[in-house]
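Visitor: File coords-v1.txt follows (compact mmCIF, C-alpha atoms and all ligand atoms):
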# COMPACT_ATOMS: atom_id res chain seq x y z
CA MET A 936 226.58 -105.56 19.77
CA SER A 937 223.69 -105.23 17.33
CA SER A 938 222.74 -101.69 16.29
CA GLU A 939 219.34 -102.15 17.93
CA ARG A 940 220.93 -103.02 21.27
CA SER A 941 223.40 -100.13 21.13
CA LEU A 942 220.51 -97.81 20.35
CA ARG A 943 218.58 -99.10 23.35
CA THR A 944 221.64 -98.72 25.64
CA ALA A 945 222.21 -95.18 24.36
CA GLY A 946 218.53 -94.37 24.96
CA ILE A 947 218.71 -95.60 28.57
CA ALA A 948 221.96 -93.67 29.18
CA VAL A 949 220.44 -90.44 27.82
CA SER A 950 217.33 -90.87 29.98
CA ILE A 951 219.41 -91.42 33.13
CA ALA A 952 221.61 -88.38 32.35
CA PHE A 953 218.51 -86.34 31.71
CA LEU A 954 216.91 -87.32 35.02
CA ALA A 955 220.16 -86.55 36.87
CA LEU A 956 220.23 -83.15 35.20
CA ALA A 957 216.64 -82.49 36.27
CA VAL A 958 217.47 -83.35 39.89
CA LEU A 959 220.68 -81.30 39.94
CA SER A 960 218.94 -78.29 38.36
CA SER A 961 216.31 -78.30 41.06
CA THR A 962 219.10 -77.94 43.68
CA ASP A 963 221.76 -75.24 43.71
CA VAL A 964 224.38 -77.43 42.06
CA LEU A 965 223.38 -76.45 38.51
CA PRO A 966 221.55 -73.34 37.30
CA PRO A 967 217.92 -74.20 36.28
CA TRP A 968 218.29 -72.93 32.70
CA ILE A 969 220.60 -75.83 31.84
CA PHE A 970 217.75 -78.27 32.32
CA ARG A 971 215.46 -76.14 30.14
CA ALA A 972 218.12 -75.86 27.44
CA VAL A 973 218.66 -79.63 27.33
CA LEU A 974 214.91 -80.22 27.36
CA PHE A 975 214.58 -77.84 24.44
CA LEU A 976 217.38 -79.52 22.52
CA LEU A 977 215.87 -82.98 23.01
CA GLY A 978 212.45 -81.70 21.94
CA ALA A 979 213.95 -80.18 18.80
CA LEU A 980 215.79 -83.42 18.00
CA LEU A 981 212.60 -85.45 18.42
CA TRP A 982 210.72 -82.98 16.22
CA GLY A 983 213.36 -83.31 13.47
CA TRP A 984 213.43 -87.09 13.72
CA LEU A 985 209.64 -87.42 13.48
CA LEU A 986 209.59 -85.00 10.56
CA ILE A 987 212.17 -86.99 8.59
CA ARG A 988 210.55 -90.34 9.35
CA THR A 989 207.09 -89.20 8.32
CA TYR A 990 208.38 -87.26 5.29
CA ARG A 991 209.89 -90.48 3.87
CA THR A 992 206.59 -92.32 4.03
CA LEU A 993 204.59 -89.59 2.26
CA GLN A 994 203.93 -89.07 -1.40
CA PRO A 995 205.26 -85.84 -2.99
CA ARG A 996 201.95 -84.02 -2.73
CA GLN A 997 201.42 -85.00 0.91
CA ARG A 998 204.95 -83.87 1.72
CA GLY A 999 204.15 -80.34 0.59
CA TRP A 1000 201.15 -80.24 2.91
CA MET A 1001 203.06 -81.66 5.81
CA LEU A 1002 205.79 -79.04 5.49
CA PHE A 1003 203.15 -76.32 5.21
CA TRP A 1004 201.43 -77.38 8.44
CA GLN A 1005 204.72 -77.99 10.19
CA TYR A 1006 205.88 -74.44 9.58
CA ALA A 1007 202.73 -72.35 9.22
CA LEU A 1008 200.99 -73.52 12.39
CA PRO A 1009 203.94 -73.20 14.80
CA LEU A 1010 204.74 -69.80 13.34
CA PHE A 1011 201.23 -68.34 13.76
CA GLY A 1012 200.00 -70.46 16.64
CA SER A 1013 203.03 -69.63 18.75
CA LEU A 1014 202.03 -65.95 18.99
CA PRO A 1015 198.96 -66.34 21.23
CA LEU A 1016 200.50 -69.33 23.00
CA SER A 1017 203.69 -67.45 23.93
CA GLU A 1018 201.60 -64.51 25.25
CA TRP A 1019 199.87 -66.99 27.49
CA ILE A 1020 203.08 -68.72 28.63
CA ALA A 1021 205.15 -65.57 29.32
CA PRO A 1022 204.50 -63.72 32.61
CA GLN A 1023 202.89 -60.23 32.43
CA ASP A 1024 206.10 -58.42 33.29
CA ALA A 1025 208.34 -60.71 31.21
CA THR A 1026 211.74 -59.48 30.11
CA ARG A 1027 212.76 -59.57 26.45
CA TRP A 1028 214.61 -62.88 26.92
CA GLU A 1029 211.69 -64.42 28.71
CA ARG A 1030 209.46 -63.50 25.77
CA ILE A 1031 211.88 -65.00 23.26
CA ASP A 1032 212.09 -68.09 25.44
CA ALA A 1033 208.28 -68.33 25.59
CA ARG A 1034 207.98 -67.92 21.81
CA LEU A 1035 210.57 -70.62 21.09
CA THR A 1036 208.92 -72.97 23.55
CA ALA A 1037 205.54 -72.37 21.90
CA VAL A 1038 206.96 -73.00 18.41
CA LEU A 1039 208.56 -76.24 19.60
CA ALA A 1040 205.47 -77.39 21.47
CA ILE A 1041 203.14 -76.84 18.49
CA GLY A 1042 205.64 -78.25 15.98
CA LEU A 1043 206.17 -81.34 18.07
CA PHE A 1044 202.45 -81.81 18.57
CA ILE A 1045 201.78 -81.71 14.79
CA ALA A 1046 204.75 -83.96 14.06
CA ILE A 1047 203.48 -86.55 16.54
CA ILE A 1048 199.98 -86.47 15.01
CA TYR A 1049 201.39 -86.84 11.48
CA TYR A 1050 203.68 -89.63 12.58
CA PHE A 1051 200.93 -91.72 14.15
CA ILE A 1052 198.47 -91.16 11.31
CA HIS A 1053 200.98 -92.31 8.69
CA LYS A 1054 203.03 -94.81 10.69
CA ASN A 1055 201.04 -97.92 9.99
CA LYS A 1056 199.28 -96.89 6.84
CA PRO A 1057 199.51 -99.92 4.63
CA ASN A 1058 201.14 -99.43 1.29
CA MET A 1059 198.29 -100.22 -1.10
CA ARG A 1060 200.47 -100.70 -4.13
CA LYS A 1061 200.76 -104.12 -5.70
CA LYS A 1062 203.77 -106.12 -4.54
CA ILE A 1063 205.26 -107.85 -7.56
CA VAL A 1064 208.04 -110.34 -8.09
CA ALA A 1065 208.48 -110.91 -11.83
CA GLY A 1066 210.90 -113.36 -13.39
CA ASN A 1067 212.52 -112.42 -16.67
CA TRP A 1068 213.88 -115.70 -17.94
CA LYS A 1069 215.55 -113.97 -20.90
CA MET A 1070 216.84 -116.47 -23.55
CA ASN A 1071 217.06 -119.36 -21.11
CA THR A 1072 215.39 -122.76 -20.71
CA LEU A 1073 214.09 -125.18 -23.31
CA PRO A 1074 210.32 -125.73 -23.27
CA ALA A 1075 210.46 -128.78 -20.96
CA GLU A 1076 212.79 -126.97 -18.55
CA GLY A 1077 210.53 -123.93 -18.57
CA VAL A 1078 207.51 -126.05 -17.71
CA GLU A 1079 209.46 -127.67 -14.84
CA LEU A 1080 210.46 -124.27 -13.54
CA ALA A 1081 206.91 -122.94 -13.74
CA LYS A 1082 205.61 -126.01 -11.94
CA GLY A 1083 208.20 -125.48 -9.21
CA VAL A 1084 207.01 -121.89 -8.73
CA VAL A 1085 203.39 -123.01 -8.56
CA ALA A 1086 204.22 -125.79 -6.08
CA GLY A 1087 206.02 -123.49 -3.64
CA ARG A 1088 203.86 -120.46 -4.14
CA GLY A 1089 201.66 -121.27 -1.12
CA GLU A 1090 204.60 -120.71 1.24
CA VAL A 1091 204.77 -117.05 0.27
CA CYS A 1092 202.27 -114.37 1.30
CA SER A 1093 199.35 -114.23 -1.12
CA CYS A 1094 199.87 -110.45 -1.10
CA VAL A 1095 202.84 -110.98 -3.43
CA ASN A 1096 201.99 -111.22 -7.14
CA PHE A 1097 204.30 -113.59 -8.98
CA ILE A 1098 204.80 -113.22 -12.71
CA VAL A 1099 206.95 -115.41 -14.96
CA CYS A 1100 208.14 -114.24 -18.38
CA PRO A 1101 209.46 -117.21 -20.40
CA PRO A 1102 210.69 -117.07 -24.00
CA PHE A 1103 207.92 -116.86 -26.64
CA THR A 1104 208.47 -120.47 -27.68
CA HIS A 1105 207.06 -121.93 -24.48
CA LEU A 1106 204.48 -119.36 -23.44
CA ALA A 1107 201.65 -121.74 -24.29
CA GLN A 1108 203.11 -124.67 -22.36
CA VAL A 1109 203.96 -122.54 -19.35
CA ALA A 1110 200.45 -121.06 -19.45
CA GLU A 1111 199.16 -124.60 -19.13
CA ALA A 1112 201.49 -125.30 -16.18
CA LEU A 1113 200.26 -122.17 -14.40
CA LYS A 1114 196.58 -123.02 -14.80
CA GLY A 1115 194.69 -123.03 -11.52
CA SER A 1116 197.36 -120.99 -9.73
CA ASP A 1117 197.63 -117.23 -9.23
CA VAL A 1118 201.09 -117.06 -10.83
CA GLU A 1119 200.70 -114.86 -13.89
CA LEU A 1120 202.28 -114.97 -17.30
CA GLY A 1121 204.21 -112.29 -19.16
CA ALA A 1122 206.19 -112.01 -22.39
CA GLN A 1123 209.58 -110.37 -22.79
CA ASN A 1124 208.79 -108.25 -25.82
CA CYS A 1125 206.24 -107.73 -28.60
CA ALA A 1126 206.07 -106.23 -32.06
CA ALA A 1127 205.48 -102.55 -32.70
CA GLU A 1128 202.87 -103.34 -35.37
CA ALA A 1129 199.50 -105.04 -35.05
CA LYS A 1130 200.03 -107.68 -37.78
CA GLY A 1131 201.21 -108.17 -41.35
CA ALA A 1132 204.42 -108.70 -43.24
CA TYR A 1133 206.92 -108.44 -40.37
CA THR A 1134 208.89 -111.67 -40.59
CA GLY A 1135 210.00 -113.05 -37.26
CA GLU A 1136 207.93 -110.64 -35.16
CA ILE A 1137 205.33 -111.58 -32.56
CA ALA A 1138 202.28 -109.38 -32.13
CA ALA A 1139 200.82 -108.31 -28.80
CA SER A 1140 197.52 -109.91 -29.83
CA MET A 1141 199.27 -113.30 -30.21
CA ILE A 1142 200.80 -113.01 -26.76
CA ALA A 1143 197.45 -112.04 -25.26
CA ALA A 1144 195.82 -115.02 -26.98
CA LEU A 1145 198.28 -117.33 -25.22
CA GLY A 1146 197.18 -116.09 -21.81
CA CYS A 1147 199.80 -113.41 -21.11
CA LYS A 1148 198.83 -110.52 -18.88
CA TYR A 1149 202.13 -108.62 -18.99
CA VAL A 1150 204.81 -107.63 -21.47
CA ILE A 1151 208.28 -106.40 -20.56
CA LEU A 1152 209.08 -103.36 -22.70
CA GLY A 1153 212.25 -101.34 -23.13
CA HIS A 1154 214.58 -103.74 -21.31
CA SER A 1155 218.12 -102.37 -21.47
CA GLU A 1156 219.25 -105.47 -23.41
CA ARG A 1157 216.71 -104.65 -26.10
CA ARG A 1158 217.65 -100.98 -26.13
CA GLN A 1159 221.35 -101.86 -26.29
CA TYR A 1160 221.50 -104.90 -28.62
CA TYR A 1161 218.44 -104.36 -30.79
CA GLY A 1162 218.46 -100.59 -31.06
CA GLU A 1163 215.08 -100.16 -29.42
CA THR A 1164 214.26 -96.46 -29.23
CA SER A 1165 211.56 -94.43 -27.54
CA GLU A 1166 209.87 -94.13 -30.93
CA THR A 1167 209.55 -97.92 -31.26
CA LEU A 1168 208.55 -98.24 -27.62
CA ASN A 1169 205.71 -95.77 -28.07
CA LYS A 1170 204.32 -97.97 -30.83
CA LYS A 1171 204.75 -101.11 -28.76
CA MET A 1172 202.97 -99.47 -25.84
CA GLU A 1173 200.04 -98.76 -28.12
CA GLN A 1174 199.86 -102.42 -29.15
CA VAL A 1175 200.15 -103.62 -25.57
CA TYR A 1176 197.23 -101.50 -24.39
CA ALA A 1177 195.15 -102.24 -27.47
CA ASN A 1178 195.33 -105.91 -26.49
CA GLY A 1179 194.50 -105.47 -22.82
CA LEU A 1180 198.02 -106.24 -21.59
CA THR A 1181 200.02 -104.47 -18.87
CA PRO A 1182 203.47 -103.21 -19.81
CA ILE A 1183 206.41 -103.60 -17.44
CA TYR A 1184 208.35 -100.63 -18.72
CA CYS A 1185 212.07 -100.72 -17.96
CA VAL A 1186 214.27 -97.71 -17.33
CA GLY A 1187 217.82 -97.41 -16.06
CA GLU A 1188 221.22 -95.85 -16.64
CA ASN A 1189 224.53 -97.45 -17.63
CA LEU A 1190 227.73 -97.25 -15.62
CA ASP A 1191 229.15 -94.18 -17.40
CA GLU A 1192 225.92 -92.31 -16.87
CA ARG A 1193 225.82 -93.26 -13.19
CA GLU A 1194 229.45 -92.22 -12.68
CA ALA A 1195 228.81 -88.91 -14.43
CA GLY A 1196 225.85 -88.32 -12.08
CA LYS A 1197 223.43 -88.36 -15.01
CA HIS A 1198 221.23 -91.23 -13.81
CA PHE A 1199 218.35 -88.98 -12.79
CA ASP A 1200 218.31 -87.25 -16.20
CA VAL A 1201 218.53 -90.54 -18.11
CA VAL A 1202 215.63 -92.12 -16.25
CA LYS A 1203 213.57 -88.93 -16.51
CA ALA A 1204 214.04 -88.81 -20.29
CA GLN A 1205 213.10 -92.50 -20.66
CA ILE A 1206 209.87 -91.79 -18.79
CA GLU A 1207 209.05 -88.49 -20.47
CA GLU A 1208 209.59 -89.86 -23.97
CA VAL A 1209 207.29 -92.86 -23.51
CA VAL A 1210 205.19 -92.88 -20.34
CA TYR A 1211 204.18 -89.23 -20.70
CA ASN A 1212 202.41 -90.17 -23.94
CA LEU A 1213 199.99 -92.50 -22.13
CA SER A 1214 196.45 -91.49 -21.29
CA GLU A 1215 195.44 -91.28 -17.64
CA GLU A 1216 193.49 -94.50 -18.07
CA GLN A 1217 196.47 -96.33 -19.56
CA PHE A 1218 198.79 -94.99 -16.89
CA LYS A 1219 196.73 -96.71 -14.19
CA ASN A 1220 197.69 -100.01 -15.79
CA LEU A 1221 201.46 -99.73 -15.88
CA VAL A 1222 204.35 -101.27 -14.00
CA ILE A 1223 207.77 -99.62 -14.04
CA ALA A 1224 211.03 -101.51 -13.54
CA TYR A 1225 214.15 -99.58 -12.61
CA GLU A 1226 217.14 -101.62 -13.76
CA PRO A 1227 220.55 -99.99 -13.56
CA VAL A 1228 222.47 -101.53 -16.47
CA TRP A 1229 225.63 -101.80 -14.34
CA ALA A 1230 223.80 -104.10 -11.92
CA ILE A 1231 222.27 -106.47 -14.47
CA GLY A 1232 223.88 -109.90 -14.39
CA THR A 1233 227.02 -108.44 -12.80
CA GLY A 1234 226.44 -109.52 -9.22
CA LYS A 1235 226.71 -105.83 -8.35
CA THR A 1236 223.48 -104.58 -6.78
CA ALA A 1237 222.38 -101.04 -6.17
CA THR A 1238 222.27 -100.42 -2.42
CA ALA A 1239 218.83 -100.22 -0.87
CA GLU A 1240 219.42 -96.48 -0.40
CA GLN A 1241 220.39 -95.99 -4.05
CA ALA A 1242 217.28 -97.90 -5.12
CA GLN A 1243 214.99 -95.90 -2.82
CA GLU A 1244 216.52 -92.60 -3.94
CA ILE A 1245 215.86 -93.21 -7.61
CA HIS A 1246 212.52 -94.97 -7.12
CA ALA A 1247 211.25 -91.96 -5.16
CA TYR A 1248 212.55 -89.74 -7.96
CA ILE A 1249 210.79 -91.86 -10.61
CA ARG A 1250 207.56 -91.50 -8.64
CA GLU A 1251 208.04 -87.73 -8.56
CA VAL A 1252 208.57 -87.63 -12.32
CA LEU A 1253 205.40 -89.71 -12.79
CA ALA A 1254 203.47 -87.49 -10.37
CA ALA A 1255 204.53 -84.37 -12.28
CA LYS A 1256 202.42 -85.62 -15.19
CA PHE A 1257 199.83 -87.94 -13.64
CA GLY A 1258 199.41 -86.45 -10.17
CA ALA A 1259 198.12 -88.58 -7.31
CA ALA A 1260 197.79 -91.68 -9.54
CA ALA A 1261 201.60 -92.02 -9.37
CA ALA A 1262 201.25 -93.10 -5.74
CA GLU A 1263 199.60 -96.31 -7.00
CA THR A 1264 202.21 -97.26 -9.61
CA ALA A 1265 204.27 -100.33 -8.77
CA ILE A 1266 207.96 -99.61 -9.31
CA LEU A 1267 210.17 -102.71 -9.34
CA TYR A 1268 213.91 -102.95 -8.85
CA GLY A 1269 215.98 -105.17 -11.14
CA GLY A 1270 219.69 -105.97 -11.22
CA SER A 1271 221.36 -108.88 -9.39
CA CYS A 1272 218.42 -109.15 -7.03
CA LYS A 1273 218.66 -112.40 -5.04
CA PRO A 1274 217.25 -113.97 -1.86
CA SER A 1275 220.09 -112.50 0.22
CA ASN A 1276 219.48 -108.88 -0.73
CA ALA A 1277 215.78 -108.73 -1.70
CA ALA A 1278 214.39 -108.10 1.79
CA GLU A 1279 216.58 -105.06 2.39
CA ILE A 1280 215.74 -103.53 -0.99
CA PHE A 1281 212.01 -104.35 -0.80
CA ALA A 1282 211.82 -102.77 2.66
CA LYS A 1283 212.26 -99.36 1.07
CA GLU A 1284 209.10 -97.33 0.76
CA ASP A 1285 209.14 -96.79 -3.00
CA VAL A 1286 210.36 -100.25 -3.99
CA ASP A 1287 207.34 -102.41 -4.78
CA GLY A 1288 209.11 -105.59 -5.81
CA GLY A 1289 211.64 -106.87 -8.28
CA LEU A 1290 212.24 -107.84 -11.90
CA ILE A 1291 214.50 -110.83 -11.50
CA GLY A 1292 216.87 -112.30 -14.08
CA GLY A 1293 219.33 -115.00 -13.03
CA ALA A 1294 217.68 -115.83 -9.72
CA ALA A 1295 214.32 -116.41 -11.45
CA LEU A 1296 215.74 -119.51 -13.13
CA LYS A 1297 215.58 -121.50 -9.87
CA ALA A 1298 212.08 -121.80 -8.43
CA GLU A 1299 213.49 -121.96 -4.91
CA ASP A 1300 215.42 -118.68 -5.26
CA PHE A 1301 212.59 -116.94 -7.07
CA LEU A 1302 210.15 -117.84 -4.31
CA ALA A 1303 212.65 -116.93 -1.60
CA ILE A 1304 212.87 -113.45 -3.15
CA GLY A 1305 209.09 -113.18 -2.74
CA LYS A 1306 209.54 -113.92 0.95
CA GLY A 1307 211.59 -110.74 1.15
CA PHE A 1308 208.41 -108.73 1.56
CA ALA A 1309 207.81 -107.81 5.15
CA LYS A 1310 205.66 -104.75 4.54
P1 LIG A 1401 219.75 -110.19 -13.15
O1 LIG A 1401 218.81 -110.40 -12.00
O2 LIG A 1401 220.28 -111.45 -13.72
O3 LIG A 1401 220.82 -109.19 -12.81
O4 LIG A 1401 218.90 -109.52 -14.34
C1 LIG A 1401 218.07 -108.48 -14.07
C2 LIG A 1401 217.24 -108.23 -15.27
O5 LIG A 1401 217.70 -107.79 -16.28
C3 LIG A 1401 215.80 -108.53 -15.18
O6 LIG A 1401 215.12 -108.02 -16.26
Re-express the file's structure as structure tokens.

Guide:
Amino acid sequence: MSSERSLRTAGIAVSIAFLALAVLSSTDVLPPWIFRAVLFLLGALLWGWLLIRTYRTLQPRQRGWMLFWQYALPLFGSLPLSEWIAPQDATRWERIDARLTAVLAIGLFIAIIYYFIHKNKPNMRKKIVAGNWKMNTLPAEGVELAKGVVAGRGEVCSCVNFIVCPPFTHLAQVAEALKGSDVELGAQNCAAEAKGAYTGEIAASMIAALGCKYVILGHSERRQYYGETSETLNKKMEQVYANGLTPIYCVGENLDEREAGKHFDVVKAQIEEVVYNLSEEQFKNLVIAYEPVWAIGTGKTATAEQAQEIHAYIREVLAAKFGAAAAETAILYGGSCKPSNAAEIFAKEDVDGGLIGGAALKAEDFLAIGKGFAK
């Protein structure tokens, strides 16, 4: 039986039991307080459920306000309400009962209002599916791939922004293949300096001149194999913004760090050391990609819950410095993301898309990942 069906069956069973209880309590078979107690318990459960559901959809700042109203109003509002509910000559227990009922009634009322206000609020953040081709494809293959993405793009919601990041060598040709479509172009890296005697380097201005809008920065492969540090990344960020590009800044922990429970600290440091140096204006033009190193190219994906947990944390770390603007930052998940798991991961509130490696090398799979957006 599907979980939805079992939930429905359980709901019907509870309703029937509840009605039976109400009938029996109104006769002499059961004392009337049992019905009240069960009613109270169900009300409290509904209150808790609504609170948790709404809490998950709110941004950190809104959460604080919701908790304030959820506790302050029932606490103070229940005083006059319980006076009104309780009879004049009420006993001590009747007064306690009236006070608890008032707290529950007000709490539930506020929770319902909050729930309905926030239930269908569209998430205004950009939905992005970006392909990091890494060191794959020859120019002709890259052009074919880009053409395949353009050809199938119409089958995916126009609300999804597709970005392809080929190797430097075929940026110009891929730019040509993307012309006339809304699929955007990104590079996988750029130099830390503006120009000059830096043999083998490619400046952000050169990438911009080829039609790139994005640059991936701080990918774990660059941190790991090319010794990229926060110091270098700060300089690269400067170049990226100076040339009107948008960085896709990657963060993520390795397996040892995850197993030692240090993933939150690692990601926080990667953000504090680089993103915290941006101006408020620059911050508005930033994409973050969370890529756990243990999930990259391993076939091992973070669960949707693991992704949501750390994405929400990343947003909190961003909000600590940039306030409400953090609610607008697109945070992508990367690491063995494929058509079969994208929808579940993208359904999470703080996951705004994916940075795709292997699966971005087949237009069909890349596009199918874009179809994973239901929100
Ligand atoms: P895979 O999707 O191949 O695991 O790679 C993820 C990645 O590193 C994207 O930048």

Visitor: Please determine, counting all atoms listed in the file, which residue among A:Asn1124, A:Thr1264, A:Asn1220, A:Ser960 has the shortest atom-to-atom distance to ligand LIG 1401 (chain A).

Guide: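 Nearest to ligand LIG 1401 (chain A): A:Asn1124.
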
Visitor: From the set A:Thr1167, A:Thr1181, A:Asn1276, A:Asn1096, which residue has the shortest atom-to-atom contact distance to ligand LIG 1401 (chain A), counting all atoms listed in the file?

Guide: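 For ligand LIG 1401 (chain A), the nearest of the candidates is A:Asn1276.
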
Visitor: Go through chain A residue by residue and, counting all atoms listed in the file, keep those with an atom at most 8 Å from ligand LIG 1401 (chain A); for each kept residue give the shortest atom pair and its distance in Å to one decimal, ordered by chain and increasing number, as a Markdown table.

Guide:
| residue | atom | partner | partner_atom | distance |
| --- | --- | --- | --- | --- |
| A:Gly1066 | CA | A:LIG1401 | C3 | 7.1 |
| A:Asn1067 | CA | A:LIG1401 | O6 | 5.1 |
| A:Trp1068 | CA | A:LIG1401 | C3 | 7.9 |
| A:Lys1069 | CA | A:LIG1401 | O6 | 7.6 |
| A:His1154 | CA | A:LIG1401 | O6 | 6.6 |
| A:Ser1155 | CA | A:LIG1401 | O5 | 7.5 |
| A:Glu1156 | CA | A:LIG1401 | O5 | 7.7 |
| A:Glu1226 | CA | A:LIG1401 | O5 | 6.7 |
| A:Val1228 | CA | A:LIG1401 | O5 | 7.9 |
| A:Ala1230 | CA | A:LIG1401 | O3 | 6.0 |
| A:Ile1231 | CA | A:LIG1401 | O3 | 3.5 |
| A:Gly1232 | CA | A:LIG1401 | O3 | 3.5 |
| A:Thr1233 | CA | A:LIG1401 | O3 | 6.2 |
| A:Gly1234 | CA | A:LIG1401 | O3 | 6.7 |
| A:Gly1269 | CA | A:LIG1401 | C1 | 4.9 |
| A:Gly1270 | CA | A:LIG1401 | O3 | 3.8 |
| A:Ser1271 | CA | A:LIG1401 | O3 | 3.5 |
| A:Cys1272 | CA | A:LIG1401 | O1 | 5.1 |
| A:Lys1273 | CA | A:LIG1401 | O1 | 7.2 |
| A:Leu1290 | CA | A:LIG1401 | C3 | 4.9 |
| A:Ile1291 | CA | A:LIG1401 | O1 | 4.4 |
| A:Gly1292 | CA | A:LIG1401 | O1 | 3.4 |
| A:Gly1293 | CA | A:LIG1401 | O2 | 3.7 |
| A:Ala1294 | CA | A:LIG1401 | O1 | 6.0 |
| A:Ala1295 | CA | A:LIG1401 | O1 | 7.5 |

Visitor: Could you state the separation of CA of Ser1214 (chain A) and CA of Glu1166 (chain A) in Å, given to one decimal place?

Guide: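 CA of Glu1166 (chain A) lies 16.7 Å from CA of Ser1214 (chain A).
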
Visitor: CA of Leu1113 (chain A) to CA of Ile1183 (chain A): how many Å, to one decimal?

Guide: 19.8 Å

Visitor: Starting from the block above, write region 1140-1170 of chain A out to a file with C-alpha atoms, as a PDB file, in the first residue's frame, please.

Guide:
ATOM      1  CA  SER A1140      37.519  39.413 -19.040  1.00  0.00           C
ATOM      2  CA  MET A1141      38.341  36.863 -21.791  1.00  0.00           C
ATOM      3  CA  ILE A1142      35.573  34.561 -20.615  1.00  0.00           C
ATOM      4  CA  ALA A1143      33.109  37.450 -20.498  1.00  0.00           C
ATOM      5  CA  ALA A1144      34.130  38.475 -24.017  1.00  0.00           C
ATOM      6  CA  LEU A1145      33.179  34.994 -25.253  1.00  0.00           C
ATOM      7  CA  GLY A1146      29.643  35.377 -23.965  1.00  0.00           C
ATOM      8  CA  CYS A1147      29.891  33.673 -20.570  1.00  0.00           C
ATOM      9  CA  LYS A1148      27.551  34.813 -17.824  1.00  0.00           C
ATOM     10  CA  TYR A1149      28.767  32.480 -15.074  1.00  0.00           C
ATOM     11  CA  VAL A1150      32.010  31.112 -13.663  1.00  0.00           C
ATOM     12  CA  ILE A1151      32.292  28.112 -11.359  1.00  0.00           C
ATOM     13  CA  LEU A1152      34.663  28.991  -8.524  1.00  0.00           C
ATOM     14  CA  GLY A1153      36.144  26.911  -5.733  1.00  0.00           C
ATOM     15  CA  HIS A1154      35.102  23.518  -7.086  1.00  0.00           C
ATOM     16  CA  SER A1155      36.428  20.814  -4.771  1.00  0.00           C
ATOM     17  CA  GLU A1156      38.537  19.377  -7.619  1.00  0.00           C
ATOM     18  CA  ARG A1157      40.295  22.715  -7.935  1.00  0.00           C
ATOM     19  CA  ARG A1158      40.726  23.050  -4.184  1.00  0.00           C
ATOM     20  CA  GLN A1159      42.038  19.483  -3.956  1.00  0.00           C
ATOM     21  CA  TYR A1160      44.205  19.067  -7.086  1.00  0.00           C
ATOM     22  CA  TYR A1161      45.292  22.640  -7.755  1.00  0.00           C
ATOM     23  CA  GLY A1162      45.666  23.904  -4.213  1.00  0.00           C
ATOM     24  CA  GLU A1163      43.040  26.600  -4.586  1.00  0.00           C
ATOM     25  CA  THR A1164      42.703  28.462  -1.302  1.00  0.00           C
ATOM     26  CA  SER A1165      40.298  31.047   0.046  1.00  0.00           C
ATOM     27  CA  GLU A1166      42.976  33.662  -0.601  1.00  0.00           C
ATOM     28  CA  THR A1167      43.080  32.838  -4.332  1.00  0.00           C
ATOM     29  CA  LEU A1168      39.302  32.566  -4.460  1.00  0.00           C
ATOM     30  CA  ASN A1169      38.888  36.044  -3.015  1.00  0.00           C
ATOM     31  CA  LYS A1170      40.994  37.408  -5.865  1.00  0.00           C
TER      32      LYS A1170
END
